[in-house]
file target_23.txt (compact mmCIF, C-alpha atoms)
# COMPACT_ATOMS: atom_id res chain seq x y z
CA ASP A 135 101.08 151.78 168.94
CA ALA A 136 97.94 150.46 170.55
CA MET A 137 94.98 152.68 169.74
CA VAL A 138 92.38 150.98 171.93
CA ILE A 139 93.84 150.00 175.27
CA GLN A 140 92.17 147.78 177.79
CA ASN A 141 93.26 147.31 181.35
CA PRO A 142 93.92 144.97 182.91
CA ARG A 143 94.61 142.13 180.43
CA TYR A 144 93.66 139.59 183.07
CA GLN A 145 91.36 140.15 186.01
CA VAL A 146 90.48 137.72 188.75
CA THR A 147 87.59 138.66 191.00
CA GLN A 148 85.64 136.96 193.73
CA PHE A 149 82.07 135.86 193.28
CA GLY A 150 79.85 138.84 194.09
CA LYS A 151 82.68 141.36 194.39
CA PRO A 152 82.23 144.42 192.12
CA VAL A 153 84.81 144.79 189.39
CA THR A 154 85.57 147.51 186.86
CA LEU A 155 87.23 147.05 183.50
CA SER A 156 88.63 150.02 181.63
CA CYS A 157 89.10 151.02 178.02
CA SER A 158 90.80 154.03 176.53
CA GLN A 159 91.26 155.12 172.92
CA THR A 160 93.47 157.52 171.05
CA LEU A 161 91.44 157.45 167.83
CA ASN A 162 88.97 160.15 168.85
CA HIS A 163 86.17 157.83 167.73
CA ASN A 164 82.79 158.94 168.97
CA VAL A 165 81.36 155.45 169.42
CA MET A 166 82.61 152.93 171.96
CA TYR A 167 81.32 149.40 172.48
CA TRP A 168 81.60 146.67 175.07
CA TYR A 169 81.37 143.05 173.97
CA GLN A 170 81.38 139.85 175.99
CA GLN A 171 82.92 136.79 174.36
CA LYS A 172 82.77 133.32 175.85
CA SER A 173 84.79 130.40 174.60
CA SER A 174 83.97 129.34 171.01
CA GLN A 175 81.15 131.88 170.80
CA ALA A 176 80.66 135.06 168.84
CA PRO A 177 81.27 138.34 170.63
CA LYS A 178 78.01 139.55 172.14
CA LEU A 179 77.28 143.26 172.30
CA LEU A 180 76.45 144.42 175.83
CA PHE A 181 76.04 148.15 175.19
CA HIS A 182 77.58 151.08 173.42
CA TYR A 183 78.00 154.83 173.71
CA TYR A 184 77.26 157.09 170.80
CA ASP A 185 79.05 160.15 172.14
CA LYS A 186 77.46 160.47 175.58
CA ASP A 187 74.32 158.66 174.55
CA PHE A 188 74.19 155.27 176.28
CA ASN A 189 72.53 152.39 174.42
CA ASN A 190 71.85 149.16 176.26
CA GLU A 191 71.11 145.91 174.43
CA ALA A 192 67.79 144.44 175.46
CA ASP A 193 69.27 141.22 176.82
CA THR A 194 72.15 142.73 178.77
CA PRO A 195 71.73 141.84 182.45
CA ASP A 196 71.25 144.67 184.95
CA ASN A 197 74.41 143.44 186.63
CA PHE A 198 76.38 145.15 183.85
CA GLN A 199 76.74 148.92 183.81
CA SER A 200 78.93 151.33 181.91
CA ARG A 201 80.34 154.83 182.26
CA ARG A 202 81.92 157.11 179.73
CA PRO A 203 83.33 160.18 181.48
CA ASN A 204 84.89 161.57 178.29
CA THR A 205 85.56 160.70 174.65
CA SER A 206 88.67 158.72 175.44
CA PHE A 207 87.57 156.50 178.29
CA CYS A 208 84.85 153.96 178.86
CA PHE A 209 84.35 151.64 181.83
CA LEU A 210 82.48 148.39 182.30
CA ASP A 211 81.21 147.79 185.82
CA ILE A 212 80.02 144.37 186.90
CA ARG A 213 78.18 144.91 190.14
CA SER A 214 77.99 141.33 191.42
CA PRO A 215 79.98 138.98 189.20
CA GLY A 216 78.74 135.44 188.94
CA LEU A 217 80.57 132.39 187.65
CA GLY A 218 78.70 132.78 184.38
CA ASP A 219 80.26 136.19 183.82
CA ALA A 220 83.70 134.72 183.30
CA ALA A 221 84.59 135.68 179.75
CA MET A 222 86.75 137.86 177.55
CA TYR A 223 85.47 141.45 177.54
CA LEU A 224 86.29 143.38 174.40
CA CYS A 225 86.15 147.12 173.95
CA ALA A 226 85.81 148.48 170.44
CA THR A 227 85.47 151.87 168.77
CA SER A 228 84.08 153.13 165.51
CA GLY A 229 84.42 156.41 163.68
CA LEU A 230 83.81 158.05 160.34
CA ASP A 231 85.51 155.33 158.31
CA SER A 232 84.07 152.36 160.13
CA ASN A 233 81.59 151.47 157.44
CA LEU A 234 84.59 150.47 155.36
CA ALA A 235 87.19 149.84 158.03
CA GLY A 236 85.11 148.05 160.64
CA TYR A 237 85.77 148.42 164.31
CA THR A 238 89.03 148.74 166.17
CA PHE A 239 89.23 146.35 169.10
CA GLY A 240 91.27 146.50 172.23
CA SER A 241 93.22 143.44 173.29
CA GLY A 242 90.51 142.45 175.73
CA THR A 243 90.30 141.72 179.43
CA ARG A 244 89.93 138.11 180.41
CA LEU A 245 87.81 137.92 183.53
CA THR A 246 87.94 134.97 185.90
CA VAL A 247 85.43 134.69 188.74
CA VAL A 248 86.43 132.55 191.70
CA ARG B 1480 67.54 132.39 163.46
CA LYS B 1481 70.97 133.83 164.15
CA GLU B 1482 71.86 137.05 162.35
CA VAL B 1483 75.13 135.58 161.05
CA GLU B 1484 75.79 131.86 160.69
CA GLN B 1485 79.04 130.12 159.94
CA ASP B 1486 80.23 126.56 159.64
CA PRO B 1487 82.33 126.21 162.80
CA GLY B 1488 84.72 123.74 161.18
CA PRO B 1489 87.39 122.89 162.05
CA PHE B 1490 88.93 122.87 158.61
CA ASN B 1491 92.19 120.94 158.83
CA VAL B 1492 94.31 121.48 155.74
CA PRO B 1493 97.94 120.84 154.77
CA GLU B 1494 100.31 123.69 154.06
CA GLY B 1495 99.90 124.95 150.53
CA ALA B 1496 96.29 123.86 150.23
CA THR B 1497 93.34 126.06 149.38
CA VAL B 1498 90.54 126.37 151.88
CA ALA B 1499 87.23 128.15 151.48
CA PHE B 1500 84.22 128.68 153.67
CA ASN B 1501 81.05 130.73 153.74
CA CYS B 1502 78.80 132.56 156.06
CA THR B 1503 75.18 133.57 155.66
CA TYR B 1504 73.41 136.60 157.07
CA SER B 1505 69.75 137.19 157.70
CA ASN B 1506 69.33 140.96 157.39
CA SER B 1507 68.98 141.91 153.75
CA ALA B 1508 69.50 145.58 154.67
CA SER B 1509 73.04 144.93 155.92
CA GLN B 1510 75.44 147.46 154.53
CA SER B 1511 78.98 146.28 154.88
CA PHE B 1512 80.76 143.04 155.47
CA PHE B 1513 84.05 142.00 156.94
CA TRP B 1514 86.20 139.04 157.76
CA TYR B 1515 88.02 139.25 161.07
CA ARG B 1516 90.71 136.91 162.24
CA GLN B 1517 90.89 135.87 165.87
CA ASP B 1518 93.80 133.97 167.33
CA CYS B 1519 93.33 131.91 170.46
CA ARG B 1520 92.65 134.13 173.48
CA LYS B 1521 93.30 137.30 171.48
CA GLU B 1522 91.07 140.06 170.18
CA PRO B 1523 89.52 139.98 166.69
CA LYS B 1524 91.56 141.78 164.07
CA LEU B 1525 90.26 143.01 160.76
CA LEU B 1526 91.43 140.74 157.94
CA MET B 1527 89.58 142.38 155.10
CA SER B 1528 86.47 144.20 154.12
CA VAL B 1529 84.21 142.51 151.57
CA TYR B 1530 82.99 144.47 148.58
CA SER B 1531 80.16 143.67 146.22
CA SER B 1532 82.48 143.02 143.33
CA GLY B 1533 84.66 140.69 145.36
CA ASN B 1534 88.15 141.57 146.41
CA GLU B 1535 91.56 140.06 146.93
CA ASP B 1536 94.30 140.76 149.40
CA GLY B 1537 97.30 138.61 148.64
CA ARG B 1538 96.33 135.01 149.23
CA PHE B 1539 92.89 135.92 150.53
CA THR B 1540 89.82 136.38 148.35
CA ALA B 1541 86.46 137.51 149.66
CA GLN B 1542 83.19 137.45 147.79
CA LEU B 1543 79.76 138.81 148.57
CA ASN B 1544 76.52 137.50 147.16
CA ARG B 1545 73.76 139.89 148.18
CA ALA B 1546 71.02 138.00 146.39
CA SER B 1547 71.72 134.84 148.36
CA GLN B 1548 72.98 136.72 151.42
CA TYR B 1549 76.26 134.97 151.84
CA ILE B 1550 79.90 135.91 152.08
CA SER B 1551 82.84 133.68 151.34
CA LEU B 1552 86.52 133.65 152.17
CA LEU B 1553 89.10 131.69 150.22
CA ILE B 1554 92.67 131.22 151.37
CA ARG B 1555 95.19 130.08 148.78
CA ASP B 1556 98.59 128.53 149.48
CA SER B 1557 97.79 128.12 153.19
CA LYS B 1558 100.53 128.89 155.68
CA LEU B 1559 100.90 127.58 159.21
CA SER B 1560 100.35 131.13 160.37
CA ASP B 1561 96.88 131.13 158.82
CA SER B 1562 95.68 128.85 161.62
CA ALA B 1563 93.06 130.88 163.43
CA THR B 1564 89.34 131.40 163.81
CA TYR B 1565 87.79 133.52 161.07
CA LEU B 1566 84.80 135.61 162.10
CA CYS B 1567 82.25 136.73 159.57
CA VAL B 1568 80.95 140.17 160.50
CA VAL B 1569 78.01 142.07 159.07
CA ASN B 1570 77.43 145.76 159.62
CA GLY B 1571 74.08 147.48 159.88
CA LEU B 1572 73.87 151.25 160.18
CA ARG B 1573 71.81 152.61 163.05
CA ARG B 1574 72.73 156.27 162.53
CA SER B 1575 75.74 158.30 161.46
CA ASN B 1576 78.89 156.48 162.63
CA ASP B 1577 76.72 154.25 164.81
CA TYR B 1578 76.82 150.71 163.55
CA LYS B 1579 75.73 147.39 164.83
CA LEU B 1580 78.23 144.70 164.00
CA SER B 1581 76.78 141.22 164.07
CA PHE B 1582 79.32 138.45 164.45
CA GLY B 1583 79.28 134.86 163.40
CA ALA B 1584 80.67 132.38 165.90
CA GLY B 1585 83.68 131.77 163.68
CA THR B 1586 85.18 129.13 161.44
CA THR B 1587 88.30 127.46 162.80
CA VAL B 1588 91.09 126.73 160.33
CA THR B 1589 94.09 124.62 161.25
CA VAL B 1590 96.95 124.39 158.78
CA ARG B 1591 99.28 121.46 159.37
CA ALA B 1592 102.84 121.01 158.20

call {"tool": "encode", "arguments": {"input": "target_23.txt", "output": "structure tokens"}}
result
Amino acid sequence: DAMVIQNPRYQVTQFGKPVTLSCSQTLNHNVMYWYQQKSSQAPKLLFHYYDKDFNNEADTPDNFQSRRPNTSFCFLDIRSPGLGDAAMYLCATSGLDSNLAGYTFGSGTRLTVV
Amino acid sequence: RKEVEQDPGPFNVPEGATVAFNCTYSNSASQSFFWYRQDCRKEPKLLMSVYSSGNEDGRFTAQLNRASQYISLLIRDSKLSDSATYLCVVNGLRRSNDYKLSFGAGTTVTVRA
């Protein structure tokens, strides 16, 4: 059973049209992360929530926002997608055992901007 | 300098061969280390954690050298299904349960029949 679920798997949006990607988890992990991964590159951390505490990476563009209404759900909002924002967006969680077990990733949302 | 660096490959090997590759990390305070496997257009999946003493999981052997700040992965008796990109991942603790995983860009392995 999937423990970190991302919806949708594939998203096509128009240039400049706001889009929201969603992530839910059944692991009750207190930390949730959003990564952006472009082709042949390492995943790049955009931001993460430690419980309700939002932590933005210094180089994450203002165009990217996030919401975490409760422990289980986290959203990535892209306010005005550009062509350069086309990528795979990965949600991940970590909990008490993550120092040994690493993160648990969702299956990702592949975003296309047209 | 990147936090985690890997040889991108590709490593093209025949079935049954042994293939090994390394990654280096820059933060000497890093606490834990992992190899993730990523198939094309899929999410990364944990392959194995890497312990100081080195560890094996079937055909896969991981080693950590803290003094030289590198991690290695060795795959014995390669299978076609081992074809994937292998991501080296290094974990730094920010606070309780709050980690920063730093990813390498991956080493691509292709096993041919």

call {"tool": "residues_around", "arguments": {"input": "target_23.txt", "residues": "stretch 1540-1542 of chain B", "least_positions_apart": "4", "cutoff": "6 Å", "atoms": "all atoms listed in the file", "output": "list in words"}}
result
Val1529, Gly1533, Asn1534, Glu1535, Ile1550, Ser1551, Leu1552 and Leu1553 of chain B

call {"tool": "interface_residues", "arguments": {"input": "target_23.txt", "of": "chain B", "to": "chain A", "cutoff": "12 Å", "atoms": "only C-alpha atoms", "output": "PyMOL selection string"}}
result
chain B and resi 1481-1485+1487-1489+1509-1530+1563-1587

call {"tool": "residues_near_point", "arguments": {"input": "target_23.txt", "point": "(84.6, 155.0, 176.2)", "cutoff": "8 Å", "atoms": "only C-alpha atoms", "output": "list in words"}}
result
Cys157, Ser158, Gln159, Val165, Met166, Tyr167, Tyr183, Arg201, Arg202, Pro203, Asn204, Thr205, Ser206, Phe207, Cys208 and Phe209 of chain A

call {"tool": "atom_distance", "arguments": {"input": "target_23.txt", "atom1": "atom CA of A:Asn190", "atom2": "atom CA of B:Cys1502"}}
result
27.1 Å

call {"tool": "residues_around", "arguments": {"input": "target_23.txt", "residues": "B:Arg1591", "least_positions_apart": "4", "cutoff": "9 Å", "atoms": "all atoms listed in the file", "output": "NGL selection string"}}
result
:B and (1491-1494 or 1558-1559 or 1562)

call {"tool": "atom_distance", "arguments": {"input": "target_23.txt", "atom1": "atom CA of A:Gly218", "atom2": "atom CA of A:Asp187"}}
result
28.0 Å

call {"tool": "axis_aligned_box", "arguments": {"input": "target_23.txt", "around": "stretch 1543-1556 of chain B", "padding_each_side": "3 Å", "output": "JSON"}}
result
{"center_x": 84.8, "center_y": 134.2, "center_z": 149.3, "size_x": 33.6, "size_y": 17.4, "size_z": 11.8}

call {"tool": "atom_distance", "arguments": {"input": "target_23.txt", "atom1": "atom CA of A:Val248", "atom2": "atom CA of A:Ala192"}}
result
27.4 Å

call {"tool": "residues_around", "arguments": {"input": "target_23.txt", "residues": "A:Met137", "least_positions_apart": "2", "cutoff": "7 Å", "atoms": "all atoms listed in the file", "output": "ChimeraX atom specification"}}
result
/A:135,139,159-161

call {"tool": "closest_residue", "arguments": {"input": "target_23.txt", "among": "B:Ser1547, B:Phe1539, B:Ser1557, B:Ala1592", "to": "B:Ser1505", "atoms": "only C-alpha atoms"}}
result
B:Ser1547

call {"tool": "residues_near_point", "arguments": {"input": "target_23.txt", "point": "(97.1, 133.4, 147.6)", "cutoff": "6 Å", "atoms": "only C-alpha atoms", "output": "list in words"}}
result
Gly1537, Arg1538, Phe1539, Arg1555 and Asp1556 of chain B

call {"tool": "closest_residue", "arguments": {"input": "target_23.txt", "among": "A:Val146, A:Leu155, A:Val247, A:Leu180", "to": "A:Gly216", "atoms": "all atoms listed in the file"}}
result
A:Val247

call {"tool": "closest_residue", "arguments": {"input": "target_23.txt", "among": "A:Thr194, A:Leu210, A:Lys172, A:Pro215", "to": "A:Thr154", "atoms": "only C-alpha atoms"}}
result
A:Leu210

call {"tool": "build_atoms", "arguments": {"input": "target_23.txt", "residues": "stretch 1536-1554 of chain B", "atoms": "N, CA and C atoms", "output": "JSON list (two decimals), in the coordinates of the input"}}
result
[["chain", "number", "residue", "atom", "x", "y", "z"],
["B", 1536, "ASP", "N", 93.19, 140.15, 148.67],
["B", 1536, "ASP", "CA", 94.30, 140.76, 149.40],
["B", 1536, "ASP", "C", 95.34, 139.67, 149.55],
["B", 1537, "GLY", "N", 96.28, 139.66, 148.63],
["B", 1537, "GLY", "CA", 97.30, 138.61, 148.64],
["B", 1537, "GLY", "C", 96.67, 137.25, 148.40],
["B", 1538, "ARG", "N", 96.84, 136.37, 149.37],
["B", 1538, "ARG", "CA", 96.33, 135.01, 149.23],
["B", 1538, "ARG", "C", 94.86, 134.88, 149.62],
["B", 1539, "PHE", "N", 94.26, 135.95, 150.03],
["B", 1539, "PHE", "CA", 92.89, 135.92, 150.53],
["B", 1539, "PHE", "C", 91.95, 136.56, 149.52],
["B", 1540, "THR", "N", 90.85, 135.86, 149.25],
["B", 1540, "THR", "CA", 89.82, 136.38, 148.35],
["B", 1540, "THR", "C", 88.47, 136.33, 149.05],
["B", 1541, "ALA", "N", 87.79, 137.45, 149.05],
["B", 1541, "ALA", "CA", 86.46, 137.51, 149.66],
["B", 1541, "ALA", "C", 85.43, 137.81, 148.59],
["B", 1542, "GLN", "N", 84.28, 137.21, 148.74],
["B", 1542, "GLN", "CA", 83.19, 137.45, 147.79],
["B", 1542, "GLN", "C", 81.90, 137.68, 148.57],
["B", 1543, "LEU", "N", 81.06, 138.51, 147.98],
["B", 1543, "LEU", "CA", 79.76, 138.81, 148.57],
["B", 1543, "LEU", "C", 78.68, 138.49, 147.55],
["B", 1544, "ASN", "N", 77.68, 137.78, 147.99],
["B", 1544, "ASN", "CA", 76.52, 137.50, 147.16],
["B", 1544, "ASN", "C", 75.29, 138.04, 147.88],
["B", 1545, "ARG", "N", 74.87, 139.24, 147.47],
["B", 1545, "ARG", "CA", 73.76, 139.89, 148.18],
["B", 1545, "ARG", "C", 72.44, 139.16, 147.92],
["B", 1546, "ALA", "N", 72.30, 138.66, 146.73],
["B", 1546, "ALA", "CA", 71.02, 138.00, 146.39],
["B", 1546, "ALA", "C", 70.78, 136.79, 147.29],
["B", 1547, "SER", "N", 71.83, 136.03, 147.53],
["B", 1547, "SER", "CA", 71.72, 134.84, 148.36],
["B", 1547, "SER", "C", 72.15, 135.09, 149.80],
["B", 1548, "GLN", "N", 72.60, 136.29, 150.06],
["B", 1548, "GLN", "CA", 72.98, 136.72, 151.42],
["B", 1548, "GLN", "C", 74.05, 135.82, 152.01],
["B", 1549, "TYR", "N", 75.13, 135.66, 151.26],
["B", 1549, "TYR", "CA", 76.26, 134.97, 151.84],
["B", 1549, "TYR", "C", 77.56, 135.65, 151.44],
["B", 1550, "ILE", "N", 78.56, 135.38, 152.28],
["B", 1550, "ILE", "CA", 79.90, 135.91, 152.08],
["B", 1550, "ILE", "C", 80.86, 134.73, 152.13],
["B", 1551, "SER", "N", 81.88, 134.78, 151.32],
["B", 1551, "SER", "CA", 82.84, 133.68, 151.34],
["B", 1551, "SER", "C", 84.25, 134.21, 151.54],
["B", 1552, "LEU", "N", 85.09, 133.35, 152.04],
["B", 1552, "LEU", "CA", 86.52, 133.65, 152.17],
["B", 1552, "LEU", "C", 87.29, 132.45, 151.64],
["B", 1553, "LEU", "N", 88.25, 132.73, 150.78],
["B", 1553, "LEU", "CA", 89.10, 131.69, 150.22],
["B", 1553, "LEU", "C", 90.55, 132.03, 150.56],
["B", 1554, "ILE", "N", 91.26, 131.05, 151.05],
["B", 1554, "ILE", "CA", 92.67, 131.22, 151.37],
["B", 1554, "ILE", "C", 93.47, 130.30, 150.47]]
